[in-house]
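Scroll down for the structure; my scribbles are underneath it.
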Amino acid sequence: MKNTRPIGIFDSGVGGLTVLRQVEKLLPRENIVYFGDTARVPYGNKSRAAVLRFSAESFRFLTEKKVKMGIVACNTSSSLALMSLRRMFPFPVLGVVEAGVRGALRRTRKKRIGVIGTRATIKSGSYERAILRQEPKAKIFSEACPLFVPLAEEGITRGNLVQQVIDRYLRGMRSHRIDTLILGCTHYPLLKTALSRYFGAATEIVDSAEEVALFTRKILEEYEIKGSPRRKGKVEFYVSDEPEGFSRMAGLFLRRKVLVPKVVYVSH
Ligand code: DGL
């Protein structure tokens, strides 16, 4: 039996399009509903209580769209709200933290792992806990890099300014000779080339978005909820505010044009 109900992808804004891009690439026949909470972005400097409430309200909207599973593309929300969302909603809910950690542990040889993300993600310790649960001997070095989000949204992803900001945040981490770096934020895949240049070839960079797509396929198979094998899937975009800004930035994150999304009000 094929299940043509959509996969729901939720993010605080536009950054989750890096996840959508990978899911579309791996699972082109799935229907997808993307919701970006653009009225309340950024989540990365908000409290746990606020992120929990915003995430639950966003997921309620996805429930109205009758999604068959939900992906929390936002690392901040995955770090702070995933367990609550799993308890609250009746479909499988996948976060980006576990996927990123799985990718890092597959690649690391020396078990010296760097994690970068928003302030809220790093403060939550979510990546550290998930890594140590599976690899208690790992050495983990974490750093919040709040300026990376506005840089990516402005399309400033290479050049001197970017290298200076990277150096300011990550000089210490580089001196620890990490062999794997987890990009623990939706926006950071846009800075992947600049980060590779900074850390050099001996450091592998793990983009959680690619790992999430692989995990999504696994869930669809396990729960036997795969979409139609014949048709190309449809993608619908919704935001909670500012649809023009979303479409403008969408090109950077998705590398294709996105029609102006529909605006929905999710606060209750
Ligand atoms: N989507 C957020 C994350 O991955 C970054 C933007 C924000 O702070 O809301 O953590």
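Quick note on naming: the chains in the structure tokens go A, B, ... in the order shown, residues restart at 1 in each chain, and ligands are numbered from 1 in order of appearance.
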
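Residues surrounding Val115 of chain A within 8 Å are Ile122, Tyr127, Ile140, Phe141, Ser142, Glu143, Leu181, Ile182, Leu183 and Gly184 of chain A [only C-alpha atoms; sequence separation below 5 positions excluded].
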
Output the selection as an mmCIF file, in the first residue's frame - C-alpha atoms for each residue.
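And here's out-v6.cif as it stands now:
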```cif
data_model
loop_
_atom_site.group_PDB
_atom_site.id
_atom_site.type_symbol
_atom_site.label_atom_id
_atom_site.label_comp_id
_atom_site.auth_asym_id
_atom_site.auth_seq_id
_atom_site.Cartn_x
_atom_site.Cartn_y
_atom_site.Cartn_z
ATOM 1 C CA ILE A 122 25.127 24.565 22.136
ATOM 2 C CA TYR A 127 24.833 16.945 20.536
ATOM 3 C CA ILE A 140 33.798 16.899 21.947
ATOM 4 C CA PHE A 141 34.497 20.581 21.334
ATOM 5 C CA SER A 142 31.440 22.833 20.973
ATOM 6 C CA GLU A 143 31.080 26.449 19.953
ATOM 7 C CA LEU A 181 32.931 18.854 12.419
ATOM 8 C CA ILE A 182 29.146 18.670 12.746
ATOM 9 C CA LEU A 183 27.235 21.556 11.187
ATOM 10 C CA GLY A 184 24.586 21.790 13.908
#
```

Selection as number ranges by chain: residues within 10 Å of ligand 1 by only C-alpha atoms and all ligand atoms
A: 10-18, 36-38, 40-46, 51, 72-79, 96-97, 116-122, 146, 148-150, 153, 183-188

Apply DSSP to the backbone of this structure and, from segment 6-171 of chain A, keep only the residues in strand (DSSP E or B); write these as JSON, numbers by chain.
{"A": [7, 8, 9, 10, 11, 32, 33, 34, 35, 36, 69, 70, 71, 72, 93, 94, 95, 112, 113, 114, 115, 116, 117, 139, 140, 141, 142, 143, 144]}

Can you list, as a ChimeraX atom specification, every protein, DNA or RNA residue that comes within 12 Å of Glu135 of chain A when you count only C-alpha atoms, leaving out same-chain residues fewer than 6 positions away?
/A:101-102,104-106,108-113,127-129

What would the file look like if the residues just selected were written as a short mmCIF file (atom, residue, chain, number, x, y, z; two decimals), in the first residue's frame with C-alpha atoms?
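Once everything was written out, this is out33.cif:
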```
data_model
loop_
_atom_site.label_atom_id
_atom_site.label_comp_id
_atom_site.auth_asym_id
_atom_site.auth_seq_id
_atom_site.Cartn_x
_atom_site.Cartn_y
_atom_site.Cartn_z
CA VAL A 101 25.51 12.42 15.21
CA ARG A 102 25.04 9.20 13.29
CA ALA A 104 29.73 12.01 12.51
CA LEU A 105 30.26 8.70 14.28
CA ARG A 106 30.42 6.89 10.97
CA THR A 108 35.36 10.00 12.81
CA ARG A 109 38.55 8.00 13.30
CA LYS A 110 40.18 9.78 16.23
CA LYS A 111 36.83 10.50 17.93
CA ARG A 112 37.70 14.20 18.20
CA ILE A 113 34.47 15.87 17.15
CA TYR A 127 24.83 16.95 20.54
CA GLU A 128 27.26 16.11 23.34
CA ARG A 129 24.74 13.88 25.07
#
```

Tell me, as a PyMOL selection string, which residues lie within 12 Å of Gly200 of chain A, counting only C-alpha atoms; anything in the same chain fewer than 2 positions away does not count.
chain A and resi 174+177-181+192-198+202-205

Could you write out that same residue set with all heavy atoms as a CSV table (one decimal), in the first residue's frame?
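So again-v7.csv came out as:
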```
chain,number,residue,atom,x,y,z
A,174,ARG,N,40.0,24.7,16.3
A,174,ARG,CA,41.0,24.2,15.3
A,174,ARG,C,42.2,23.7,16.0
A,174,ARG,O,42.8,22.7,15.6
A,174,ARG,CB,41.3,25.3,14.3
A,174,ARG,CG,42.1,24.8,13.1
A,174,ARG,CD,42.2,25.7,12.0
A,174,ARG,NE,42.9,27.0,12.3
A,174,ARG,CZ,43.3,27.9,11.5
A,174,ARG,NH1,43.0,27.7,10.2
A,174,ARG,NH2,43.9,29.0,11.9
A,177,ARG,N,42.6,20.1,17.0
A,177,ARG,CA,42.8,19.0,15.9
A,177,ARG,C,41.6,18.1,15.8
A,177,ARG,O,41.8,16.8,15.9
A,177,ARG,CB,44.0,18.2,16.1
A,177,ARG,CG,45.3,19.1,16.1
A,177,ARG,CD,46.5,18.3,16.2
A,177,ARG,NE,47.7,19.2,16.3
A,177,ARG,CZ,48.2,19.8,15.2
A,177,ARG,NH1,47.8,19.5,14.0
A,177,ARG,NH2,49.2,20.6,15.4
A,178,ILE,N,40.4,18.6,15.7
A,178,ILE,CA,39.2,17.8,15.5
A,178,ILE,C,39.3,17.1,14.1
A,178,ILE,O,39.9,17.6,13.2
A,178,ILE,CB,37.9,18.6,15.5
A,178,ILE,CG1,38.0,19.8,14.6
A,178,ILE,CG2,37.6,19.1,16.9
A,178,ILE,CD1,36.6,20.4,14.3
A,179,ASP,N,38.8,15.9,14.0
A,179,ASP,CA,38.8,15.2,12.7
A,179,ASP,C,37.5,15.2,12.0
A,179,ASP,O,37.3,14.9,10.8
A,179,ASP,CB,39.4,13.8,12.7
A,179,ASP,CG,38.5,12.8,13.4
A,179,ASP,OD1,37.5,13.2,14.0
A,179,ASP,OD2,38.7,11.6,13.3
A,180,THR,N,36.4,15.7,12.8
A,180,THR,CA,35.1,15.7,12.3
A,180,THR,C,34.4,17.0,12.8
A,180,THR,O,34.5,17.2,14.0
A,180,THR,CB,34.3,14.5,12.7
A,180,THR,OG1,35.1,13.3,12.4
A,180,THR,CG2,32.9,14.4,12.0
A,181,LEU,N,33.7,17.7,12.0
A,181,LEU,CA,32.9,18.9,12.4
A,181,LEU,C,31.5,18.7,12.0
A,181,LEU,O,31.1,18.5,10.9
A,181,LEU,CB,33.5,20.1,11.8
A,181,LEU,CG,32.7,21.4,12.0
A,181,LEU,CD1,32.9,21.8,13.5
A,181,LEU,CD2,33.3,22.6,11.2
A,192,LYS,N,29.9,25.7,4.1
A,192,LYS,CA,30.7,24.5,4.2
A,192,LYS,C,32.0,24.7,3.5
A,192,LYS,O,33.1,24.2,4.0
A,192,LYS,CB,29.9,23.4,3.5
A,192,LYS,CG,30.4,22.0,3.7
A,192,LYS,CD,29.4,21.0,3.2
A,192,LYS,CE,29.9,19.6,3.3
A,192,LYS,NZ,28.9,18.6,2.9
A,193,THR,N,32.0,25.3,2.3
A,193,THR,CA,33.3,25.5,1.6
A,193,THR,C,34.3,26.3,2.4
A,193,THR,O,35.4,26.0,2.5
A,193,THR,CB,33.0,26.2,0.2
A,193,THR,OG1,31.9,25.5,-0.4
A,193,THR,CG2,34.2,26.2,-0.7
A,194,ALA,N,33.8,27.4,3.0
A,194,ALA,CA,34.6,28.3,3.8
A,194,ALA,C,35.2,27.6,5.0
A,194,ALA,O,36.3,27.7,5.4
A,194,ALA,CB,33.9,29.5,4.2
A,195,LEU,N,34.3,26.7,5.6
A,195,LEU,CA,34.7,26.0,6.8
A,195,LEU,C,35.8,24.9,6.4
A,195,LEU,O,36.7,24.7,7.2
A,195,LEU,CB,33.5,25.4,7.5
A,195,LEU,CG,32.7,26.4,8.3
A,195,LEU,CD1,31.3,25.8,8.6
A,195,LEU,CD2,33.3,26.8,9.6
A,196,SER,N,35.6,24.3,5.3
A,196,SER,CA,36.6,23.2,4.9
A,196,SER,C,37.9,23.9,4.6
A,196,SER,O,38.9,23.3,5.0
A,196,SER,CB,36.2,22.6,3.5
A,196,SER,OG,35.0,22.0,3.6
A,197,ARG,N,37.9,25.1,4.1
A,197,ARG,CA,39.1,25.8,3.8
A,197,ARG,C,39.8,26.1,5.1
A,197,ARG,O,41.0,25.9,5.3
A,197,ARG,CB,38.8,27.1,3.1
A,197,ARG,CG,39.9,27.7,2.4
A,197,ARG,CD,39.6,28.8,1.5
A,197,ARG,NE,40.6,29.8,1.6
A,197,ARG,CZ,40.5,31.1,1.4
A,197,ARG,NH1,39.3,31.5,1.1
A,197,ARG,NH2,41.5,31.9,1.6
A,198,TYR,N,39.0,26.5,6.1
A,198,TYR,CA,39.6,26.9,7.4
A,198,TYR,C,40.2,25.7,8.1
A,198,TYR,O,41.3,25.8,8.7
A,198,TYR,CB,38.5,27.6,8.2
A,198,TYR,CG,39.1,28.1,9.5
A,198,TYR,CD1,39.9,29.3,9.5
A,198,TYR,CD2,38.8,27.5,10.7
A,198,TYR,CE1,40.4,29.8,10.7
A,198,TYR,CE2,39.3,28.0,11.9
A,198,TYR,CZ,40.1,29.1,11.9
A,198,TYR,OH,40.6,29.6,13.1
A,202,ALA,N,42.1,17.5,6.6
A,202,ALA,CA,42.1,16.4,7.6
A,202,ALA,C,40.8,16.4,8.5
A,202,ALA,O,40.5,15.5,9.3
A,202,ALA,CB,43.3,16.6,8.6
A,203,THR,N,39.9,17.4,8.3
A,203,THR,CA,38.7,17.5,9.1
A,203,THR,C,37.5,17.3,8.1
A,203,THR,O,37.3,18.0,7.1
A,203,THR,CB,38.5,18.9,9.7
A,203,THR,OG1,39.6,19.1,10.6
A,203,THR,CG2,37.2,19.0,10.6
A,204,GLU,N,36.7,16.3,8.4
A,204,GLU,CA,35.5,16.0,7.6
A,204,GLU,C,34.4,16.8,8.1
A,204,GLU,O,34.1,16.9,9.3
A,204,GLU,CB,35.2,14.5,7.8
A,204,GLU,CG,36.0,13.7,6.8
A,204,GLU,CD,35.1,12.6,6.1
A,204,GLU,OE1,34.0,13.0,5.6
A,204,GLU,OE2,35.4,11.5,6.2
A,205,ILE,N,33.6,17.3,7.2
A,205,ILE,CA,32.5,18.2,7.6
A,205,ILE,C,31.2,17.4,7.4
A,205,ILE,O,30.9,16.9,6.3
A,205,ILE,CB,32.5,19.5,6.8
A,205,ILE,CG1,33.9,20.1,7.1
A,205,ILE,CG2,31.3,20.4,7.2
A,205,ILE,CD1,33.9,21.6,7.2
```

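The list of residues with at least one atom within 9 Å of Phe215 of chain A, based on only C-alpha atoms and without residues fewer than 5 positions apart in the same chain, reads Leu94, Ala99, Glu210 and Leu220 of chain A.
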
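Straight-line separation from atom CA of Glu222 of chain A to atom CA of Gly70 of chain A: 14.8 Å.
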
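Around segment 157-171 of chain A, within 7 Å and counting only C-alpha atoms, the residues found are A:Cys145, A:Leu151, A:Ala152, A:Arg174, A:Ser175, A:Leu190, A:Leu191, A:Ala194, once anything fewer than 3 positions away on its own chain is removed.
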
Now that the selection is made, can you save its residues with C-alpha atoms as a short mmCIF file (atom, residue, chain, number, x, y, z; two decimals), in the first residue's frame?
```
data_model
loop_
_atom_site.label_atom_id
_atom_site.label_comp_id
_atom_site.auth_asym_id
_atom_site.auth_seq_id
_atom_site.Cartn_x
_atom_site.Cartn_y
_atom_site.Cartn_z
CA CYS A 145 28.57 30.79 16.08
CA LEU A 151 25.89 35.90 7.01
CA ALA A 152 24.22 32.94 5.26
CA ARG A 174 40.96 24.22 15.29
CA SER A 175 43.86 24.01 17.74
CA LEU A 190 26.02 27.35 3.06
CA LEU A 191 29.37 28.00 4.75
CA ALA A 194 34.63 28.30 3.77
#
```

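Nearest to Ser47 of chain A of all the residues A:Lys137, A:Lys65, A:Lys262, A:Lys123 is A:Lys123, based on only C-alpha atoms.
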
Can you tell me, as number ranges by chain, which residues in segment 151-259 of chain A count as alpha helix (DSSP H) by DSSP?
A: 151-153, 160-175, 192-199, 208-222, 243-254

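Of the residues under consideration (A:Glu242, A:Glu64, A:Glu224, A:Glu98), A:Glu224 shows the shortest atom-to-atom contact distance to Thr4 of chain A when counting only C-alpha atoms.
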
Among the residues A:Ile32, A:Ala56, A:Ala49, A:Met88, the one that comes closest to Lys68 of chain A [using only C-alpha atoms]:
A:Ile32

Among listed residues A:Arg230, A:Arg53, A:Phe237, A:Leu27, nearest Lys257 of chain A (using only C-alpha atoms)
A:Phe237
